[in-house]
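**Student:** Dropping the structure in here first, questions after.
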Protein chains: 2
Amino acid sequence: MANLEKENRLILVTNDDGVDAKGIKYLTEIALNFGDVVVIAPDKGKSGMSHSVSLNEPIYIDKIKDTKGLEIYACSGTPADSVKIALHKILKRKPDLILSGINHGSNASVSAIYSGTVAAAREGSMNGITSIAFSLLSHAPDADFSAAAKYAHIIIEKVLENGIAKQTCLNVNIPNVPENDLKGIKMCRQTLGKWIEEFDYRVNPHNKDYYWLTGKFSNFEPSAEDTDEWALNNNYVAIVPIEVDLTSYSALKDLQKWDFKF
Amino acid sequence: MANLEKENRLILVTNDDGVDAKGIKYLTEIALNFGDVVVIAPDKGKSGMSHSVSLNEPIYIDKIKDTKGLEIYACSGTPADSVKIALHKILKRKPDLILSGINHGSNASVSAIYSGTVAAAREGSMNGITSIAFSLLSHAPDADFSAAAKYAHIIIEKVLENGIAKQTCLNVNIPNVPENDLKGIKMCRQTLGKWIEEFDYRVNPHNKDYYWLTGKFSNFEPSAEDTDEWALNNNYVAIVPIEVDLTSYSALKDLQKWDFKF
């Protein structure tokens, strides 16, 4: 793929914030430097959808733009649905690259598990396509993506040159600081942590109790310098390679010693 | 935990097929042999929801049953939501065990990624709770869960005795064959494969195109005897330990050699 000329490269762009989000517009502009671009993204925000797929809902696709080198489609389904239908119904051939994002908000540590943006990239790697998820650490709809865009460009260039291991995608998170404050790029492992959920309890106008999911992130290893959270807190762009295989091989070794009685 | 007496053990039961599914009723009966049980599960089928959480929807909880040793609640959210709200709002204390399923249909290989049943167990392990997902290889609403129930009981007993590694849950899949045909239990790794998606194209009564997601599983390594798909095809119950950490450590080693130019 590294040898493909720009005019022969086909790039799929998606996200989980929806086809109209500012972040995907930045990512589309970056992608256009590297080849022809087809954007297929959810028709509205689908944050927190993880790797969900629509088994019981029909999926609608609307063409929004169709110009030379750039097509844009809105998909009624999830981010993973968008990648699936792109690969199987919309794109004329298998794309050379899938870019997901730029997400409004962090997908570091365990947020990678809940993220539709990361899942879309993982769906790409499951299909043998080089895939990268990008996220900026700001939830603001009008966040400043300029530094993120510069780093995304540099990372895409390097990925096209070097490639990524099979069944693996990259989860890139970018601190929300001015470009001059960014210290560089760090390859990291996923931080051990969890969301401490605090459900906001309310009563609706019909006198029925309900809850909103909220909460804050708790880092179990804040001083571990090889983690993505440490990198981000120290103004590095953090890249975690994420694999499709969920198996814990260390746990497997222990389990294989178990002896069941029947 | 292994030393806890039955009367002191608290078990959370959930699934992704909904609180009324046959599979969760079987799992609840099994769980009652091991302690007090609280069932909190989606109010309707939520298959294919993966690890999604409700960020933009309120969550409603309805109490269905409240007897000594058994409470049942329906949750309007996803399987992961159900576990989160159970831990933070419903249960009087942290449970000793989370059981998810018994799912109607396989969650082997990459289906573990799309599965709400497996995600619920992973949410448990993220919170430091011993968690197991069970699935039977039959989608039938009236599937025969008797052999699955027997094996689930044996596996739970062993897990209570031995424990599971931290940040790891078990993904148990059970062949849909009569009990006498089952050959035993095999500890496995996740099979490398993918769903070959075939979208079913239709036109709705308002003349708008739509698609249904469908497809069949493609096994990339059908003769690999250490995989869950091989075990299931050979009538073994397959157990894969699944970890929260998505990092590919082999890919990380390569990435750390990359040199970025600015």
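Every chain in the structure tokens has a letter given in the order shown (A, B, ...), and although residue numbers restart at 1 in each chain, ligands are simply numbered from 1 in the order shown.
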Please superimpose chain A on chain B using every C-alpha atom, paired by order, in a least-squares fit, and write the moved chain as a PDB file with C-alpha atoms, in the first residue's frame.

**Tutor:**
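out37.pdb written:
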```pdb
ATOM      1  CA  MET A   1     -14.766 -15.700  47.662  1.00  0.00           C
ATOM      2  CA  ALA A   2     -14.353 -19.454  47.460  1.00  0.00           C
ATOM      3  CA  ASN A   3     -14.823 -19.552  51.213  1.00  0.00           C
ATOM      4  CA  LEU A   4     -18.091 -17.658  51.260  1.00  0.00           C
ATOM      5  CA  GLU A   5     -21.018 -19.757  52.364  1.00  0.00           C
ATOM      6  CA  LYS A   6     -24.002 -19.919  50.034  1.00  0.00           C
ATOM      7  CA  GLU A   7     -26.129 -17.765  52.331  1.00  0.00           C
ATOM      8  CA  ASN A   8     -23.589 -14.955  52.190  1.00  0.00           C
ATOM      9  CA  ARG A   9     -23.025 -14.951  48.454  1.00  0.00           C
ATOM     10  CA  LEU A  10     -24.619 -12.268  46.273  1.00  0.00           C
ATOM     11  CA  ILE A  11     -24.935 -12.999  42.549  1.00  0.00           C
ATOM     12  CA  LEU A  12     -25.925 -10.597  39.771  1.00  0.00           C
ATOM     13  CA  VAL A  13     -27.514 -12.233  36.718  1.00  0.00           C
ATOM     14  CA  THR A  14     -27.944 -10.415  33.401  1.00  0.00           C
ATOM     15  CA  ASN A  15     -28.081 -11.072  29.644  1.00  0.00           C
ATOM     16  CA  ASP A  16     -28.714  -9.408  26.286  1.00  0.00           C
ATOM     17  CA  ASP A  17     -31.772 -11.363  25.158  1.00  0.00           C
ATOM     18  CA  GLY A  18     -33.971  -9.595  27.697  1.00  0.00           C
ATOM     19  CA  VAL A  19     -35.269 -10.375  31.160  1.00  0.00           C
ATOM     20  CA  ASP A  20     -37.997 -12.700  29.808  1.00  0.00           C
ATOM     21  CA  ALA A  21     -35.728 -14.952  27.717  1.00  0.00           C
ATOM     22  CA  LYS A  22     -35.655 -18.678  28.466  1.00  0.00           C
ATOM     23  CA  GLY A  23     -31.860 -18.660  28.824  1.00  0.00           C
ATOM     24  CA  ILE A  24     -31.778 -16.157  31.696  1.00  0.00           C
ATOM     25  CA  LYS A  25     -34.455 -18.131  33.529  1.00  0.00           C
ATOM     26  CA  TYR A  26     -32.220 -21.211  33.410  1.00  0.00           C
ATOM     27  CA  LEU A  27     -29.213 -19.198  34.548  1.00  0.00           C
ATOM     28  CA  THR A  28     -31.210 -17.696  37.430  1.00  0.00           C
ATOM     29  CA  GLU A  29     -32.199 -21.203  38.608  1.00  0.00           C
ATOM     30  CA  ILE A  30     -28.551 -22.281  38.522  1.00  0.00           C
ATOM     31  CA  ALA A  31     -27.419 -19.138  40.329  1.00  0.00           C
ATOM     32  CA  LEU A  32     -29.916 -19.782  43.151  1.00  0.00           C
ATOM     33  CA  ASN A  33     -27.896 -22.902  44.037  1.00  0.00           C
ATOM     34  CA  PHE A  34     -24.948 -20.671  44.849  1.00  0.00           C
ATOM     35  CA  GLY A  35     -26.428 -17.697  46.700  1.00  0.00           C
ATOM     36  CA  ASP A  36     -28.903 -14.841  46.743  1.00  0.00           C
ATOM     37  CA  VAL A  37     -29.673 -13.628  43.247  1.00  0.00           C
ATOM     38  CA  VAL A  38     -30.524 -10.245  41.798  1.00  0.00           C
ATOM     39  CA  VAL A  39     -31.470 -10.283  38.108  1.00  0.00           C
ATOM     40  CA  ILE A  40     -31.101  -6.976  36.263  1.00  0.00           C
ATOM     41  CA  ALA A  41     -31.444  -7.387  32.531  1.00  0.00           C
ATOM     42  CA  PRO A  42     -32.663  -5.427  29.505  1.00  0.00           C
ATOM     43  CA  ASP A  43     -36.460  -5.110  29.257  1.00  0.00           C
ATOM     44  CA  LYS A  44     -36.266  -6.454  25.688  1.00  0.00           C
ATOM     45  CA  GLY A  45     -33.781  -8.150  23.354  1.00  0.00           C
ATOM     46  CA  LYS A  46     -30.512  -6.196  22.972  1.00  0.00           C
ATOM     47  CA  SER A  47     -28.453  -8.598  20.878  1.00  0.00           C
ATOM     48  CA  GLY A  48     -25.466  -7.176  19.008  1.00  0.00           C
ATOM     49  CA  MET A  49     -25.201  -4.187  21.350  1.00  0.00           C
ATOM     50  CA  SER A  50     -21.568  -4.957  22.229  1.00  0.00           C
ATOM     51  CA  HIS A  51     -20.289  -2.803  25.108  1.00  0.00           C
ATOM     52  CA  SER A  52     -22.526   0.171  24.292  1.00  0.00           C
ATOM     53  CA  VAL A  53     -23.762   2.481  27.030  1.00  0.00           C
ATOM     54  CA  SER A  54     -26.665   4.946  27.050  1.00  0.00           C
ATOM     55  CA  LEU A  55     -25.113   8.404  27.006  1.00  0.00           C
ATOM     56  CA  ASN A  56     -28.064  10.229  25.461  1.00  0.00           C
ATOM     57  CA  GLU A  57     -31.038   8.255  26.752  1.00  0.00           C
ATOM     58  CA  PRO A  58     -32.480   8.137  30.276  1.00  0.00           C
ATOM     59  CA  ILE A  59     -32.465   4.707  31.921  1.00  0.00           C
ATOM     60  CA  TYR A  60     -35.613   3.297  33.534  1.00  0.00           C
ATOM     61  CA  ILE A  61     -35.656   0.420  36.021  1.00  0.00           C
ATOM     62  CA  ASP A  62     -38.781  -1.645  36.802  1.00  0.00           C
ATOM     63  CA  LYS A  63     -38.949  -4.055  39.726  1.00  0.00           C
ATOM     64  CA  ILE A  64     -40.596  -7.277  38.540  1.00  0.00           C
ATOM     65  CA  LYS A  65     -40.075  -9.571  41.524  1.00  0.00           C
ATOM     66  CA  ASP A  66     -38.947  -9.082  45.121  1.00  0.00           C
ATOM     67  CA  THR A  67     -38.850 -12.262  47.175  1.00  0.00           C
ATOM     68  CA  LYS A  68     -36.399 -13.568  49.771  1.00  0.00           C
ATOM     69  CA  GLY A  69     -33.233 -14.512  47.914  1.00  0.00           C
ATOM     70  CA  LEU A  70     -34.442 -13.415  44.459  1.00  0.00           C
ATOM     71  CA  GLU A  71     -35.101  -9.968  43.056  1.00  0.00           C
ATOM     72  CA  ILE A  72     -35.727  -9.278  39.352  1.00  0.00           C
ATOM     73  CA  TYR A  73     -35.492  -5.900  37.591  1.00  0.00           C
ATOM     74  CA  ALA A  74     -35.988  -4.878  33.941  1.00  0.00           C
ATOM     75  CA  CYS A  75     -33.672  -2.150  32.647  1.00  0.00           C
ATOM     76  CA  SER A  76     -34.465   0.041  29.638  1.00  0.00           C
ATOM     77  CA  GLY A  77     -30.755   0.309  28.777  1.00  0.00           C
ATOM     78  CA  THR A  78     -28.104  -1.967  27.313  1.00  0.00           C
ATOM     79  CA  PRO A  79     -26.502  -5.020  28.971  1.00  0.00           C
ATOM     80  CA  ALA A  80     -23.510  -2.895  30.068  1.00  0.00           C
ATOM     81  CA  ASP A  81     -25.916  -0.244  31.430  1.00  0.00           C
ATOM     82  CA  SER A  82     -27.691  -3.009  33.383  1.00  0.00           C
ATOM     83  CA  VAL A  83     -24.457  -4.040  35.098  1.00  0.00           C
ATOM     84  CA  LYS A  84     -23.449  -0.439  35.776  1.00  0.00           C
ATOM     85  CA  ILE A  85     -26.751   0.556  37.330  1.00  0.00           C
ATOM     86  CA  ALA A  86     -26.907  -2.712  39.282  1.00  0.00           C
ATOM     87  CA  LEU A  87     -23.512  -2.011  40.838  1.00  0.00           C
ATOM     88  CA  HIS A  88     -24.155   1.645  41.517  1.00  0.00           C
ATOM     89  CA  LYS A  89     -27.852   1.929  42.336  1.00  0.00           C
ATOM     90  CA  ILE A  90     -29.638  -1.391  42.864  1.00  0.00           C
ATOM     91  CA  LEU A  91     -27.419  -3.852  44.730  1.00  0.00           C
ATOM     92  CA  LYS A  92     -26.909  -3.284  48.441  1.00  0.00           C
ATOM     93  CA  ARG A  93     -23.276  -4.356  48.162  1.00  0.00           C
ATOM     94  CA  LYS A  94     -20.710  -5.391  45.528  1.00  0.00           C
ATOM     95  CA  PRO A  95     -21.728  -8.826  44.217  1.00  0.00           C
ATOM     96  CA  ASP A  96     -19.428 -11.847  44.508  1.00  0.00           C
ATOM     97  CA  LEU A  97     -20.220 -13.096  41.036  1.00  0.00           C
ATOM     98  CA  ILE A  98     -21.787 -11.859  37.797  1.00  0.00           C
ATOM     99  CA  LEU A  99     -23.371 -14.368  35.418  1.00  0.00           C
ATOM    100  CA  SER A 100     -24.492 -13.284  31.938  1.00  0.00           C
ATOM    101  CA  GLY A 101     -26.696 -15.357  29.653  1.00  0.00           C
ATOM    102  CA  ILE A 102     -27.442 -18.080  28.917  1.00  0.00           C
ATOM    103  CA  ASN A 103     -27.365 -16.423  25.490  1.00  0.00           C
ATOM    104  CA  HIS A 104     -29.535 -17.755  22.677  1.00  0.00           C
ATOM    105  CA  GLY A 105     -26.818 -18.177  20.012  1.00  0.00           C
ATOM    106  CA  SER A 106     -23.044 -18.460  19.736  1.00  0.00           C
ATOM    107  CA  ASN A 107     -20.685 -15.796  21.050  1.00  0.00           C
ATOM    108  CA  ALA A 108     -17.542 -17.614  19.936  1.00  0.00           C
ATOM    109  CA  SER A 109     -14.718 -16.110  17.853  1.00  0.00           C
ATOM    110  CA  VAL A 110     -15.324 -12.461  16.874  1.00  0.00           C
ATOM    111  CA  SER A 111     -18.971 -12.676  17.919  1.00  0.00           C
ATOM    112  CA  ALA A 112     -17.578 -12.000  21.402  1.00  0.00           C
ATOM    113  CA  ILE A 113     -16.835  -8.474  20.152  1.00  0.00           C
ATOM    114  CA  TYR A 114     -20.414  -7.812  18.995  1.00  0.00           C
ATOM    115  CA  SER A 115     -22.056  -9.528  21.968  1.00  0.00           C
ATOM    116  CA  GLY A 116     -23.895  -7.681  24.718  1.00  0.00           C
ATOM    117  CA  THR A 117     -23.802 -10.845  26.844  1.00  0.00           C
ATOM    118  CA  VAL A 118     -20.000 -10.941  26.796  1.00  0.00           C
ATOM    119  CA  ALA A 119     -19.774  -7.156  27.294  1.00  0.00           C
ATOM    120  CA  ALA A 120     -21.866  -7.431  30.475  1.00  0.00           C
ATOM    121  CA  ALA A 121     -19.372  -9.949  31.871  1.00  0.00           C
ATOM    122  CA  ARG A 122     -16.460  -7.747  30.805  1.00  0.00           C
ATOM    123  CA  GLU A 123     -18.095  -4.770  32.551  1.00  0.00           C
ATOM    124  CA  GLY A 124     -18.114  -6.936  35.681  1.00  0.00           C
ATOM    125  CA  SER A 125     -14.418  -7.773  35.376  1.00  0.00           C
ATOM    126  CA  MET A 126     -13.623  -4.072  34.833  1.00  0.00           C
ATOM    127  CA  ASN A 127     -15.197  -3.552  38.260  1.00  0.00           C
ATOM    128  CA  GLY A 128     -13.134  -6.287  39.898  1.00  0.00           C
ATOM    129  CA  ILE A 129     -15.949  -8.852  40.030  1.00  0.00           C
ATOM    130  CA  THR A 130     -15.610 -12.498  38.947  1.00  0.00           C
ATOM    131  CA  SER A 131     -17.766 -12.675  35.815  1.00  0.00           C
ATOM    132  CA  ILE A 132     -18.809 -15.369  33.338  1.00  0.00           C
ATOM    133  CA  ALA A 133     -20.764 -15.154  30.070  1.00  0.00           C
ATOM    134  CA  PHE A 134     -22.625 -18.277  28.904  1.00  0.00           C
ATOM    135  CA  SER A 135     -23.991 -18.899  25.405  1.00  0.00           C
ATOM    136  CA  LEU A 136     -25.742 -21.876  23.815  1.00  0.00           C
ATOM    137  CA  LEU A 137     -25.289 -22.443  20.088  1.00  0.00           C
ATOM    138  CA  SER A 138     -28.998 -22.178  19.299  1.00  0.00           C
ATOM    139  CA  HIS A 139     -30.952 -19.030  18.471  1.00  0.00           C
ATOM    140  CA  ALA A 140     -34.295 -20.758  19.077  1.00  0.00           C
ATOM    141  CA  PRO A 141     -36.406 -18.974  21.730  1.00  0.00           C
ATOM    142  CA  ASP A 142     -37.419 -22.436  23.072  1.00  0.00           C
ATOM    143  CA  ALA A 143     -33.914 -23.977  22.821  1.00  0.00           C
ATOM    144  CA  ASP A 144     -33.098 -26.909  25.120  1.00  0.00           C
ATOM    145  CA  PHE A 145     -30.879 -25.464  27.872  1.00  0.00           C
ATOM    146  CA  SER A 146     -30.655 -28.620  30.012  1.00  0.00           C
ATOM    147  CA  ALA A 147     -27.134 -29.714  28.993  1.00  0.00           C
ATOM    148  CA  ALA A 148     -25.949 -26.093  29.036  1.00  0.00           C
ATOM    149  CA  ALA A 149     -27.356 -25.704  32.539  1.00  0.00           C
ATOM    150  CA  LYS A 150     -25.459 -28.759  33.785  1.00  0.00           C
ATOM    151  CA  TYR A 151     -22.166 -27.481  32.375  1.00  0.00           C
ATOM    152  CA  ALA A 152     -22.797 -23.944  33.620  1.00  0.00           C
ATOM    153  CA  HIS A 153     -23.235 -25.354  37.124  1.00  0.00           C
ATOM    154  CA  ILE A 154     -19.953 -27.284  36.918  1.00  0.00           C
ATOM    155  CA  ILE A 155     -18.072 -24.260  35.569  1.00  0.00           C
ATOM    156  CA  ILE A 156     -19.447 -21.869  38.208  1.00  0.00           C
ATOM    157  CA  GLU A 157     -18.436 -24.310  40.954  1.00  0.00           C
ATOM    158  CA  LYS A 158     -14.873 -24.472  39.610  1.00  0.00           C
ATOM    159  CA  VAL A 159     -14.653 -20.685  39.161  1.00  0.00           C
ATOM    160  CA  LEU A 160     -15.781 -20.145  42.769  1.00  0.00           C
ATOM    161  CA  GLU A 161     -13.074 -22.592  43.860  1.00  0.00           C
ATOM    162  CA  ASN A 162     -10.201 -21.252  41.708  1.00  0.00           C
ATOM    163  CA  GLY A 163     -11.093 -17.633  40.915  1.00  0.00           C
ATOM    164  CA  ILE A 164     -10.224 -15.853  37.644  1.00  0.00           C
ATOM    165  CA  ALA A 165      -7.347 -13.503  36.836  1.00  0.00           C
ATOM    166  CA  LYS A 166      -8.035  -9.805  37.457  1.00  0.00           C
ATOM    167  CA  GLN A 167      -9.525  -7.731  34.594  1.00  0.00           C
ATOM    168  CA  THR A 168     -10.506 -10.988  32.888  1.00  0.00           C
ATOM    169  CA  CYS A 169     -13.876 -12.675  32.394  1.00  0.00           C
ATOM    170  CA  LEU A 170     -14.770 -16.050  30.926  1.00  0.00           C
ATOM    171  CA  ASN A 171     -16.612 -16.453  27.623  1.00  0.00           C
ATOM    172  CA  VAL A 172     -18.273 -19.890  27.731  1.00  0.00           C
ATOM    173  CA  ASN A 173     -19.920 -21.325  24.606  1.00  0.00           C
ATOM    174  CA  ILE A 174     -21.846 -24.587  24.636  1.00  0.00           C
ATOM    175  CA  PRO A 175     -22.623 -26.780  21.598  1.00  0.00           C
ATOM    176  CA  ASN A 176     -26.307 -27.358  20.903  1.00  0.00           C
ATOM    177  CA  VAL A 177     -26.204 -31.152  21.179  1.00  0.00           C
ATOM    178  CA  PRO A 178     -27.663 -33.678  23.617  1.00  0.00           C
ATOM    179  CA  GLU A 179     -25.728 -33.945  26.880  1.00  0.00           C
ATOM    180  CA  ASN A 180     -24.406 -37.406  26.050  1.00  0.00           C
ATOM    181  CA  ASP A 181     -22.692 -36.067  22.935  1.00  0.00           C
ATOM    182  CA  LEU A 182     -20.717 -33.409  24.851  1.00  0.00           C
ATOM    183  CA  LYS A 183     -17.073 -34.473  25.197  1.00  0.00           C
ATOM    184  CA  GLY A 184     -16.017 -32.145  28.004  1.00  0.00           C
ATOM    185  CA  ILE A 185     -14.650 -28.636  28.519  1.00  0.00           C
ATOM    186  CA  LYS A 186     -11.755 -27.074  26.589  1.00  0.00           C
ATOM    187  CA  MET A 187      -9.864 -23.874  27.446  1.00  0.00           C
ATOM    188  CA  CYS A 188      -9.333 -22.026  24.168  1.00  0.00           C
ATOM    189  CA  ARG A 189      -8.197 -18.886  22.425  1.00  0.00           C
ATOM    190  CA  GLN A 190     -10.534 -16.744  20.313  1.00  0.00           C
ATOM    191  CA  THR A 191     -10.717 -18.051  16.737  1.00  0.00           C
ATOM    192  CA  LEU A 192      -9.448 -15.760  13.990  1.00  0.00           C
ATOM    193  CA  GLY A 193     -12.359 -15.153  11.626  1.00  0.00           C
ATOM    194  CA  LYS A 194     -14.976 -12.652  10.557  1.00  0.00           C
ATOM    195  CA  TRP A 195     -18.550 -12.319   9.493  1.00  0.00           C
ATOM    196  CA  ILE A 196     -18.976 -12.205   5.747  1.00  0.00           C
ATOM    197  CA  GLU A 197     -21.699  -9.642   5.605  1.00  0.00           C
ATOM    198  CA  GLU A 198     -24.406  -9.947   3.083  1.00  0.00           C
ATOM    199  CA  PHE A 199     -26.785  -7.048   3.296  1.00  0.00           C
ATOM    200  CA  ASP A 200     -30.298  -7.916   2.278  1.00  0.00           C
ATOM    201  CA  TYR A 201     -31.515  -5.066   0.041  1.00  0.00           C
ATOM    202  CA  ARG A 202     -35.192  -4.062   0.095  1.00  0.00           C
ATOM    203  CA  VAL A 203     -37.469  -1.137  -0.740  1.00  0.00           C
ATOM    204  CA  ASN A 204     -39.940   0.094   1.864  1.00  0.00           C
ATOM    205  CA  PRO A 205     -43.610   0.977   1.170  1.00  0.00           C
ATOM    206  CA  HIS A 206     -42.565   4.642   0.819  1.00  0.00           C
ATOM    207  CA  ASN A 207     -40.177   3.709  -1.995  1.00  0.00           C
ATOM    208  CA  LYS A 208     -37.014   4.171   0.050  1.00  0.00           C
ATOM    209  CA  ASP A 209     -34.106   1.713  -0.172  1.00  0.00           C
ATOM    210  CA  TYR A 210     -32.991  -0.044   2.986  1.00  0.00           C
ATOM    211  CA  TYR A 211     -30.766  -2.908   4.092  1.00  0.00           C
ATOM    212  CA  TRP A 212     -30.865  -5.660   6.677  1.00  0.00           C
ATOM    213  CA  LEU A 213     -27.568  -6.834   8.139  1.00  0.00           C
ATOM    214  CA  THR A 214     -27.193 -10.593   7.755  1.00  0.00           C
ATOM    215  CA  GLY A 215     -24.231 -12.817   6.873  1.00  0.00           C
ATOM    216  CA  LYS A 216     -22.367 -15.978   7.795  1.00  0.00           C
ATOM    217  CA  PHE A 217     -19.235 -16.668   9.809  1.00  0.00           C
ATOM    218  CA  SER A 218     -15.966 -17.344   7.999  1.00  0.00           C
ATOM    219  CA  ASN A 219     -13.341 -19.240  10.034  1.00  0.00           C
ATOM    220  CA  PHE A 220      -9.781 -18.277   8.977  1.00  0.00           C
ATOM    221  CA  GLU A 221      -8.216 -21.234  10.807  1.00  0.00           C
ATOM    222  CA  PRO A 222     -10.697 -24.146  10.847  1.00  0.00           C
ATOM    223  CA  SER A 223      -8.098 -26.765  11.740  1.00  0.00           C
ATOM    224  CA  ALA A 224      -6.531 -24.902  14.699  1.00  0.00           C
ATOM    225  CA  GLU A 225      -7.306 -27.206  17.637  1.00  0.00           C
ATOM    226  CA  ASP A 226      -6.636 -24.555  20.291  1.00  0.00           C
ATOM    227  CA  THR A 227      -9.504 -22.299  19.112  1.00  0.00           C
ATOM    228  CA  ASP A 228     -13.039 -22.002  20.437  1.00  0.00           C
ATOM    229  CA  GLU A 229     -14.615 -22.738  17.041  1.00  0.00           C
ATOM    230  CA  TRP A 230     -12.670 -25.995  16.741  1.00  0.00           C
ATOM    231  CA  ALA A 231     -13.739 -27.044  20.248  1.00  0.00           C
ATOM    232  CA  LEU A 232     -17.413 -26.271  19.530  1.00  0.00           C
ATOM    233  CA  ASN A 233     -17.340 -28.064  16.170  1.00  0.00           C
ATOM    234  CA  ASN A 234     -15.956 -31.093  18.003  1.00  0.00           C
ATOM    235  CA  ASN A 235     -18.639 -31.036  20.727  1.00  0.00           C
ATOM    236  CA  TYR A 236     -16.547 -29.503  23.500  1.00  0.00           C
ATOM    237  CA  VAL A 237     -17.758 -26.680  25.719  1.00  0.00           C
ATOM    238  CA  ALA A 238     -15.322 -23.832  24.884  1.00  0.00           C
ATOM    239  CA  ILE A 239     -14.018 -21.354  27.476  1.00  0.00           C
ATOM    240  CA  VAL A 240     -12.040 -18.288  26.339  1.00  0.00           C
ATOM    241  CA  PRO A 241     -10.625 -15.905  28.965  1.00  0.00           C
ATOM    242  CA  ILE A 242     -11.260 -12.351  27.740  1.00  0.00           C
ATOM    243  CA  GLU A 243      -9.332  -9.379  29.005  1.00  0.00           C
ATOM    244  CA  VAL A 244     -10.208  -5.716  29.395  1.00  0.00           C
ATOM    245  CA  ASP A 245      -6.832  -4.594  28.021  1.00  0.00           C
ATOM    246  CA  LEU A 246      -7.151  -4.336  24.219  1.00  0.00           C
ATOM    247  CA  THR A 247      -3.460  -3.501  23.653  1.00  0.00           C
ATOM    248  CA  SER A 248      -1.541  -5.596  21.125  1.00  0.00           C
ATOM    249  CA  TYR A 249       1.815  -5.931  22.905  1.00  0.00           C
ATOM    250  CA  SER A 250       3.497  -7.524  19.897  1.00  0.00           C
ATOM    251  CA  ALA A 251       2.423  -4.622  17.660  1.00  0.00           C
ATOM    252  CA  LEU A 252       3.470  -2.156  20.378  1.00  0.00           C
ATOM    253  CA  LYS A 253       7.029  -3.493  20.315  1.00  0.00           C
ATOM    254  CA  ASP A 254       7.229  -2.777  16.569  1.00  0.00           C
ATOM    255  CA  LEU A 255       5.589   0.653  16.845  1.00  0.00           C
ATOM    256  CA  GLN A 256       8.093   1.760  19.475  1.00  0.00           C
ATOM    257  CA  LYS A 257      10.777   1.604  16.765  1.00  0.00           C
ATOM    258  CA  TRP A 258       8.947   4.149  14.595  1.00  0.00           C
ATOM    259  CA  ASP A 259      10.628   7.505  14.142  1.00  0.00           C
ATOM    260  CA  PHE A 260       8.417  10.490  13.376  1.00  0.00           C
ATOM    261  CA  LYS A 261       9.649  13.520  11.452  1.00  0.00           C
ATOM    262  CA  PHE A 262       8.241  16.940  12.333  1.00  0.00           C
TER     263      PHE A 262
END
```

**Student:** May I have all residues of stretch 41-155 of chain B that DSSP, computed from the backbone, assigns to strand (DSSP E or B), given as number ranges by chain?

**Tutor:** B: 41-42, 59, 61-67, 70-75, 97-104, 131-136
